Amino acid sequence: MTRILAALLAVLSASPCLAWTIHIKNGSVTYDGRPLGNEIVYTVKGKQAGTARPLGNEVVYRDAAGQPAGSVRKLGNDWVFKDRNGAVIGTAVFYGQELVYKDARGRQTGSARVLGGKTEYRNERNMDIGSADTDSMPLRPLPLEKIIAENTIPVACLTRVSGIALEMPAAAAGLRAGDIIIGFEGQPDTVFKYQKDDCSAMHRSVVALVNRGNKADSAMIVYRPASGEHGTPQGQILKTLVIPQGKRGFNYQTADSGPSYTQKESVAYAAAIKKLYEAGDFTAATVSIPGPDSAARDTRNVSGAHQEFREEIVNNAPRIGWYWVSDKDGRVLTEEAVKGMLDREKAAAGARIFIRSYPGARIYMSTQTSEGSGDPALSNKYRLIGTADMNGVFHYSGNDYYTLPAGARGLAFSAAVYDVDMAAVMQDPRITGLPANSHQAVRDAMILQVMNSMAAAKGKSPEMKFGYLPLQEGKTEYSLK
């Protein structure tokens, strides 16, 4: 079972030369999937429906527009699937050699089993619904299956202002986060012209519409939902003040659902907004923006980002505050992204040390102590950070140095030391006969084999050595012998 579970993650890093395909037809849902680079791409009728990509200890799914669609994570014996809102929608767990799928209530919804070199999938009635031409048993992408099923019903897409810089022209003209874009005064086109397209295609058309609007002094026409509105328009069609040409300071996204409507409601909801717009009863947007001092700034210093006073849609509601924005692409950063940048910056600022040890030595590090005895693998205060090559040089992430984490106190090693002449080892025909372009891992394996054979010829087993060394401020080279 351990092998099969490991294979489930391994398929997400499969190289193109180890290609496989999965085909599922379950009721109204039909899709294909195959590895492409470091992700799996799923298609419906030849068009991309979504992707799956490993991220930390989970697999993250994204829809055709690249928006989060859900995830799956291993918890105990179960694989737990969540939708785009973080709600659990299903599990998968092994019973013997069969992987059984269940819904959020624990009712069986299908199964998978390896037969020969293939994986076969069945539904809750034990009927065949498809297969994958691999025995690695790839997981069905339940969050994407949910979205594909939802996409079989008629939907309408709308473009919503997802965030706005409160010190930029659009906000000063009365635009706010949550407003649904209709068009620009003086332009013949509106978003309703593009609603026959899917959301991603419509969004590209809306981008062109907005870009045209940015090239003229113009007012925007938007629909602003009423507070707590859901499914039935109760808000107003608004016209902003004239916004000057150029960068206006708002972000927008196109989707078939949002804070005020669901996918099932989207067609009727969009039609009702269009009817309000066509009635021509526009209300002038009022401008009411709190001052920047009304919200506290983050006191952290984040390299590569700056803070902006903004209104953003957070948990389906507009929220005013200071937000971190990427210097590189202007993207509003989540707290998780900010923490990741700070962690990487902290790691990069750590001291770099060079470690030399016995050939093939296992290197350990501790943030709790600089002392110890015996095998460091048996100590809960030390963790393995890697293995030295057969020249005794420790490499980490492709570098010949190791960047110390905050609080590092001690190094340790364990090594099998052979009573052999290393010069003779390196002159052995088995090593000199290796091709010049042999991978280092191949050379190291052959060196170890020669060392073992020479030691065996002398009737001597390798001696295990363990060592501990405290880290010293300013010292950059350590010899663990």
# chains A, B, ... in the order shown; residues from 1 in each chain; ligands from 1
call {"tool": "select_by_dssp", "arguments": {"residues": "range 166-278 of chain A", "states": "strand (DSSP E or B)", "output": "VMD selection string"}}
result
chain A and resid 180 to 184 190 218 220 to 224 236 to 239 243 250 to 255 258 261
call {"tool": "residues_around", "arguments": {"residues": "Thr432 in chain A", "least_positions_apart": "6", "cutoff": "12 Å", "atoms": "only C-alpha atoms", "output": "short mmCIF file (atom, residue, chain, number, x, y, z; two decimals) with all heavy atoms, in the first residue's frame"}}
result
data_model
loop_
_atom_site.label_atom_id
_atom_site.label_comp_id
_atom_site.auth_asym_id
_atom_site.auth_seq_id
_atom_site.Cartn_x
_atom_site.Cartn_y
_atom_site.Cartn_z
N ALA A 423 43.60 6.87 -3.44
CA ALA A 423 44.26 7.07 -4.73
C ALA A 423 44.10 5.82 -5.59
O ALA A 423 43.85 5.90 -6.80
CB ALA A 423 45.73 7.39 -4.52
N ALA A 424 44.24 4.64 -4.93
CA ALA A 424 44.07 3.38 -5.66
C ALA A 424 42.62 3.20 -6.10
O ALA A 424 42.35 2.68 -7.19
CB ALA A 424 44.50 2.21 -4.77
N VAL A 425 41.70 3.64 -5.25
CA VAL A 425 40.27 3.54 -5.61
C VAL A 425 40.00 4.33 -6.89
O VAL A 425 39.36 3.84 -7.83
CB VAL A 425 39.39 4.08 -4.45
CG1 VAL A 425 37.94 4.21 -4.91
CG2 VAL A 425 39.48 3.16 -3.24
N MET A 426 40.52 5.55 -6.96
CA MET A 426 40.23 6.40 -8.10
C MET A 426 40.92 5.94 -9.38
O MET A 426 40.52 6.33 -10.48
CB MET A 426 40.64 7.85 -7.79
CG MET A 426 39.91 8.45 -6.58
SD MET A 426 38.10 8.34 -6.68
CE MET A 426 37.77 9.43 -8.05
N SER A 438 29.65 10.90 -17.37
CA SER A 438 28.85 10.16 -16.40
C SER A 438 28.32 11.10 -15.33
O SER A 438 29.03 12.00 -14.86
CB SER A 438 29.68 9.06 -15.73
OG SER A 438 30.09 8.11 -16.67
N ARG A 443 28.99 8.06 -10.72
CA ARG A 443 30.40 7.94 -10.31
C ARG A 443 30.50 7.63 -8.82
O ARG A 443 31.28 6.78 -8.40
CB ARG A 443 31.16 9.22 -10.63
CG ARG A 443 31.22 9.57 -12.11
CD ARG A 443 32.10 10.78 -12.36
NE ARG A 443 33.49 10.50 -12.02
CZ ARG A 443 34.35 9.87 -12.82
NH1 ARG A 443 33.96 9.45 -14.02
NH2 ARG A 443 35.61 9.67 -12.44
N MET A 446 29.71 4.04 -8.13
CA MET A 446 30.78 3.13 -8.53
C MET A 446 31.96 3.24 -7.57
O MET A 446 32.59 2.23 -7.21
CB MET A 446 31.24 3.46 -9.96
CG MET A 446 32.34 2.53 -10.47
SD MET A 446 31.88 0.77 -10.36
CE MET A 446 30.65 0.71 -11.68
N ILE A 447 32.28 4.46 -7.10
CA ILE A 447 33.36 4.62 -6.12
C ILE A 447 33.04 3.83 -4.86
O ILE A 447 33.91 3.14 -4.30
CB ILE A 447 33.55 6.12 -5.80
CG1 ILE A 447 34.12 6.85 -7.02
CG2 ILE A 447 34.48 6.30 -4.60
CD1 ILE A 447 34.13 8.36 -6.87
N VAL A 450 33.60 0.13 -5.46
CA VAL A 450 35.02 -0.22 -5.46
C VAL A 450 35.57 -0.24 -4.04
O VAL A 450 36.33 -1.14 -3.65
CB VAL A 450 35.81 0.75 -6.35
CG1 VAL A 450 37.31 0.50 -6.23
CG2 VAL A 450 35.38 0.60 -7.81
#
call {"tool": "residues_around", "arguments": {"residues": "Ala361 in chain A", "least_positions_apart": "4", "cutoff": "10 Å", "atoms": "only C-alpha atoms", "output": "list in words"}}
result
Arg356, Ser357, Gly386, Thr387, Ala388, Asp389, Met390, Asn391, Gly392, Val393, Phe394, Ala412, Phe413, Ser414, Ala415, Ala416, Val417, Lys465, Phe466 and Leu480 of chain A
call {"tool": "write_last_selection", "arguments": {"atoms": "N, CA and C atoms", "output": "compact mmCIF listing (two decimals), in the first residue's frame"}}
result
# COMPACT_ATOMS: atom_id res chain seq x y z
N ARG A 356 33.18 20.05 4.71
CA ARG A 356 33.97 18.94 4.17
C ARG A 356 33.93 17.81 5.18
N SER A 357 33.78 16.58 4.67
CA SER A 357 33.66 15.45 5.58
C SER A 357 34.21 14.20 4.91
N GLY A 386 21.53 16.38 4.44
CA GLY A 386 22.01 15.87 3.17
C GLY A 386 23.22 14.98 3.32
N THR A 387 23.79 14.61 2.19
CA THR A 387 24.92 13.67 2.14
C THR A 387 26.08 14.27 1.35
N ALA A 388 27.30 14.12 1.87
CA ALA A 388 28.49 14.57 1.15
C ALA A 388 28.73 13.66 -0.05
N ASP A 389 29.38 14.20 -1.09
CA ASP A 389 29.70 13.36 -2.24
C ASP A 389 30.92 12.49 -1.90
N MET A 390 31.38 11.73 -2.86
CA MET A 390 32.47 10.78 -2.58
C MET A 390 33.83 11.48 -2.50
N ASN A 391 33.86 12.78 -2.69
CA ASN A 391 35.07 13.56 -2.40
C ASN A 391 34.97 14.21 -1.03
N GLY A 392 33.86 13.96 -0.34
CA GLY A 392 33.66 14.52 0.99
C GLY A 392 33.10 15.93 0.97
N VAL A 393 32.71 16.45 -0.21
CA VAL A 393 32.17 17.81 -0.32
C VAL A 393 30.65 17.77 -0.17
N PHE A 394 30.13 18.62 0.70
CA PHE A 394 28.69 18.66 0.92
C PHE A 394 28.05 19.69 0.00
N ALA A 412 26.66 17.81 12.79
CA ALA A 412 27.04 16.45 13.16
C ALA A 412 27.13 15.62 11.88
N PHE A 413 27.76 14.46 11.97
CA PHE A 413 27.87 13.58 10.80
C PHE A 413 27.92 12.13 11.24
N SER A 414 27.59 11.27 10.31
CA SER A 414 27.82 9.83 10.47
C SER A 414 28.41 9.35 9.16
N ALA A 415 29.44 8.50 9.24
CA ALA A 415 30.12 8.06 8.03
C ALA A 415 30.69 6.67 8.20
N ALA A 416 30.65 5.92 7.10
CA ALA A 416 31.33 4.63 7.05
C ALA A 416 32.72 4.89 6.48
N VAL A 417 33.78 4.65 7.30
CA VAL A 417 35.16 4.94 6.90
C VAL A 417 35.84 3.63 6.52
N LYS A 465 31.90 6.11 11.96
CA LYS A 465 32.38 7.26 12.73
C LYS A 465 31.24 8.27 12.88
N PHE A 466 31.19 8.86 14.06
CA PHE A 466 30.20 9.91 14.34
C PHE A 466 30.94 11.12 14.89
N LEU A 480 34.38 18.01 9.06
CA LEU A 480 33.74 17.09 10.01
C LEU A 480 34.49 15.77 10.03
call {"tool": "residues_around", "arguments": {"residues": "Tyr95 in chain A", "least_positions_apart": "2", "cutoff": "12 Å", "atoms": "only C-alpha atoms", "output": "list in words"}}
result
Met1, Asn77, Asp78, Ala92, Val93, Gln97, Glu98, Leu99, Val100, Tyr101, Ser111, Ala112 and Arg113 of chain A
call {"tool": "atom_distance", "arguments": {"atom1": "CA of Ala216 in chain A", "atom2": "CA of Gln245 in chain A"}}
result
5.1 Å
call {"tool": "select_by_dssp", "arguments": {"residues": "range 413-470 of chain A", "states": "helix (DSSP H, G or I)", "output": "ChimeraX atom specification"}}
result
/A:422-426,429-432,440-457
call {"tool": "residues_around", "arguments": {"residues": "range 71-73 of chain A", "least_positions_apart": "6", "cutoff": "8 Å", "atoms": "only C-alpha atoms", "output": "NGL selection string"}}
result
:A and (57-61 or 79-84 or 143)
call {"tool": "write_last_selection", "arguments": {"atoms": "all heavy atoms", "output": "compact mmCIF listing (two decimals), in the first residue's frame"}}
result
# COMPACT_ATOMS: atom_id res chain seq x y z
N ASN A 57 2.66 20.05 0.71
CA ASN A 57 2.19 18.69 0.98
C ASN A 57 0.77 18.46 0.48
O ASN A 57 0.05 17.59 0.99
CB ASN A 57 2.28 18.37 2.48
CG ASN A 57 1.46 19.33 3.31
OD1 ASN A 57 0.94 20.32 2.80
ND2 ASN A 57 1.33 19.03 4.58
N GLU A 58 0.34 19.22 -0.53
CA GLU A 58 -0.97 19.00 -1.11
C GLU A 58 -0.89 19.20 -2.62
O GLU A 58 0.11 19.69 -3.15
CB GLU A 58 -2.01 19.93 -0.50
CG GLU A 58 -1.84 21.40 -0.84
CD GLU A 58 -2.92 22.27 -0.20
OE1 GLU A 58 -3.79 21.73 0.52
OE2 GLU A 58 -2.89 23.49 -0.42
N VAL A 59 -1.94 18.77 -3.30
CA VAL A 59 -2.06 19.00 -4.74
C VAL A 59 -3.15 20.04 -4.93
O VAL A 59 -4.25 19.91 -4.39
CB VAL A 59 -2.41 17.70 -5.47
CG1 VAL A 59 -2.70 17.98 -6.95
CG2 VAL A 59 -1.28 16.69 -5.34
N VAL A 60 -2.84 21.09 -5.69
CA VAL A 60 -3.76 22.20 -5.88
C VAL A 60 -4.33 22.13 -7.30
O VAL A 60 -3.60 21.95 -8.26
CB VAL A 60 -3.04 23.55 -5.66
CG1 VAL A 60 -3.96 24.71 -6.01
CG2 VAL A 60 -2.59 23.66 -4.21
N TYR A 61 -5.65 22.25 -7.39
CA TYR A 61 -6.33 22.26 -8.69
C TYR A 61 -6.69 23.69 -9.07
O TYR A 61 -7.08 24.49 -8.22
CB TYR A 61 -7.61 21.42 -8.62
CG TYR A 61 -7.37 19.97 -8.29
CD1 TYR A 61 -7.53 19.50 -6.99
CD2 TYR A 61 -6.99 19.06 -9.28
CE1 TYR A 61 -7.31 18.16 -6.68
CE2 TYR A 61 -6.76 17.73 -8.98
CZ TYR A 61 -6.93 17.29 -7.68
OH TYR A 61 -6.71 15.96 -7.37
N TRP A 79 -7.19 10.48 1.63
CA TRP A 79 -6.95 11.65 0.80
C TRP A 79 -8.20 12.50 0.91
O TRP A 79 -9.31 12.03 0.64
CB TRP A 79 -6.72 11.23 -0.66
CG TRP A 79 -5.47 10.43 -0.85
CD1 TRP A 79 -5.32 9.09 -0.78
CD2 TRP A 79 -4.18 10.95 -1.13
NE1 TRP A 79 -4.03 8.73 -1.00
CE2 TRP A 79 -3.29 9.85 -1.22
CE3 TRP A 79 -3.67 12.23 -1.32
CZ2 TRP A 79 -1.95 10.00 -1.49
CZ3 TRP A 79 -2.32 12.39 -1.59
CH2 TRP A 79 -1.48 11.28 -1.67
N VAL A 80 -8.05 13.75 1.33
CA VAL A 80 -9.20 14.63 1.56
C VAL A 80 -9.25 15.69 0.47
O VAL A 80 -8.30 16.44 0.28
CB VAL A 80 -9.13 15.29 2.96
CG1 VAL A 80 -10.31 16.23 3.16
CG2 VAL A 80 -9.11 14.22 4.04
N PHE A 81 -10.38 15.73 -0.24
CA PHE A 81 -10.58 16.70 -1.32
C PHE A 81 -11.39 17.89 -0.80
O PHE A 81 -12.38 17.70 -0.09
CB PHE A 81 -11.35 16.06 -2.48
CG PHE A 81 -10.62 14.95 -3.17
CD1 PHE A 81 -10.73 13.64 -2.72
CD2 PHE A 81 -9.85 15.19 -4.29
CE1 PHE A 81 -10.07 12.60 -3.36
CE2 PHE A 81 -9.18 14.16 -4.95
CZ PHE A 81 -9.29 12.86 -4.47
N LYS A 82 -10.97 19.11 -1.18
CA LYS A 82 -11.70 20.32 -0.83
C LYS A 82 -12.01 21.12 -2.09
O LYS A 82 -11.25 21.07 -3.06
CB LYS A 82 -10.89 21.19 0.14
CG LYS A 82 -10.67 20.52 1.51
CD LYS A 82 -9.94 21.47 2.46
CE LYS A 82 -9.76 20.82 3.83
NZ LYS A 82 -9.05 21.72 4.78
N ASP A 83 -13.12 21.86 -2.05
CA ASP A 83 -13.46 22.68 -3.20
C ASP A 83 -12.77 24.03 -3.12
O ASP A 83 -11.94 24.27 -2.23
CB ASP A 83 -14.98 22.84 -3.33
CG ASP A 83 -15.60 23.63 -2.16
OD1 ASP A 83 -14.84 24.23 -1.38
OD2 ASP A 83 -16.83 23.64 -2.06
N ARG A 84 -13.08 24.94 -4.02
CA ARG A 84 -12.39 26.23 -4.10
C ARG A 84 -12.62 27.09 -2.87
O ARG A 84 -11.85 28.01 -2.60
CB ARG A 84 -12.83 26.97 -5.35
CG ARG A 84 -14.29 27.39 -5.38
CD ARG A 84 -14.61 28.21 -6.62
NE ARG A 84 -14.68 27.38 -7.81
CZ ARG A 84 -14.70 27.89 -9.04
NH1 ARG A 84 -14.63 29.18 -9.23
NH2 ARG A 84 -14.77 27.09 -10.09
N PRO A 143 -12.37 18.06 -7.24
CA PRO A 143 -12.77 19.47 -7.33
C PRO A 143 -13.03 19.92 -8.77
O PRO A 143 -13.97 20.67 -9.03
CB PRO A 143 -11.58 20.22 -6.72
CG PRO A 143 -10.95 19.22 -5.80
CD PRO A 143 -11.10 17.92 -6.51
call {"tool": "closest_residue", "arguments": {"among": "A:Val114, A:Ala436, A:Met365, A:Val332", "to": "Pro405 in chain A", "atoms": "only C-alpha atoms"}}
result
A:Met365
call {"tool": "residues_around", "arguments": {"residues": "Asp103 in chain A", "least_positions_apart": "4", "cutoff": "8 Å", "atoms": "only C-alpha atoms", "output": "mmCIF file with N, CA and C atoms, in the first residue's frame"}}
result
data_model
loop_
_atom_site.group_PDB
_atom_site.id
_atom_site.type_symbol
_atom_site.label_atom_id
_atom_site.label_comp_id
_atom_site.auth_asym_id
_atom_site.auth_seq_id
_atom_site.Cartn_x
_atom_site.Cartn_y
_atom_site.Cartn_z
ATOM 1 N N ILE A 89 -15.284 18.003 0.091
ATOM 2 C CA ILE A 89 -16.273 17.467 -0.842
ATOM 3 C C ILE A 89 -16.117 15.969 -1.060
ATOM 4 N N GLY A 90 -15.067 15.364 -0.507
ATOM 5 C CA GLY A 90 -14.902 13.933 -0.694
ATOM 6 C C GLY A 90 -13.593 13.425 -0.132
ATOM 7 N N THR A 91 -13.486 12.093 -0.097
ATOM 8 C CA THR A 91 -12.265 11.439 0.373
ATOM 9 C C THR A 91 -11.970 10.236 -0.515
ATOM 10 N N ARG A 107 -20.645 8.630 1.962
ATOM 11 C CA ARG A 107 -21.277 7.653 1.072
ATOM 12 C C ARG A 107 -20.355 7.343 -0.102
ATOM 13 N N GLN A 108 -20.245 6.062 -0.454
ATOM 14 C CA GLN A 108 -19.345 5.661 -1.533
ATOM 15 C C GLN A 108 -19.821 6.235 -2.856
ATOM 16 N N THR A 109 -18.869 6.853 -3.592
ATOM 17 C CA THR A 109 -19.196 7.447 -4.882
ATOM 18 C C THR A 109 -18.398 6.843 -6.031
#
call {"tool": "residues_around", "arguments": {"residues": "Ile221 in chain A", "least_positions_apart": "3", "cutoff": "9 Å", "atoms": "only C-alpha atoms", "output": "number ranges by chain"}}
result
A: 180-185, 237-240, 277, 282
call {"tool": "atom_distance", "arguments": {"atom1": "CA of Thr152 in chain A", "atom2": "CA of Ser257 in chain A"}}
result
14.4 Å
call {"tool": "closest_residue", "arguments": {"among": "A:Ala271, A:Ala226, A:Ala351, A:Ala285", "to": "Ala408 in chain A", "atoms": "only C-alpha atoms"}}
result
A:Ala351
call {"tool": "atom_distance", "arguments": {"atom1": "CA of Ala317 in chain A", "atom2": "CA of Ser227 in chain A"}}
result
9.5 Å
call {"tool": "closest_residue", "arguments": {"among": "A:Ile320, A:Gly56, A:Pro259, A:Ser266", "to": "Gly228 in chain A", "atoms": "only C-alpha atoms"}}
result
A:Pro259
call {"tool": "closest_residue", "arguments": {"among": "A:Glu335, A:Glu145, A:Glu39, A:Glu278", "to": "Arg300 in chain A", "atoms": "only C-alpha atoms"}}
result
A:Glu335
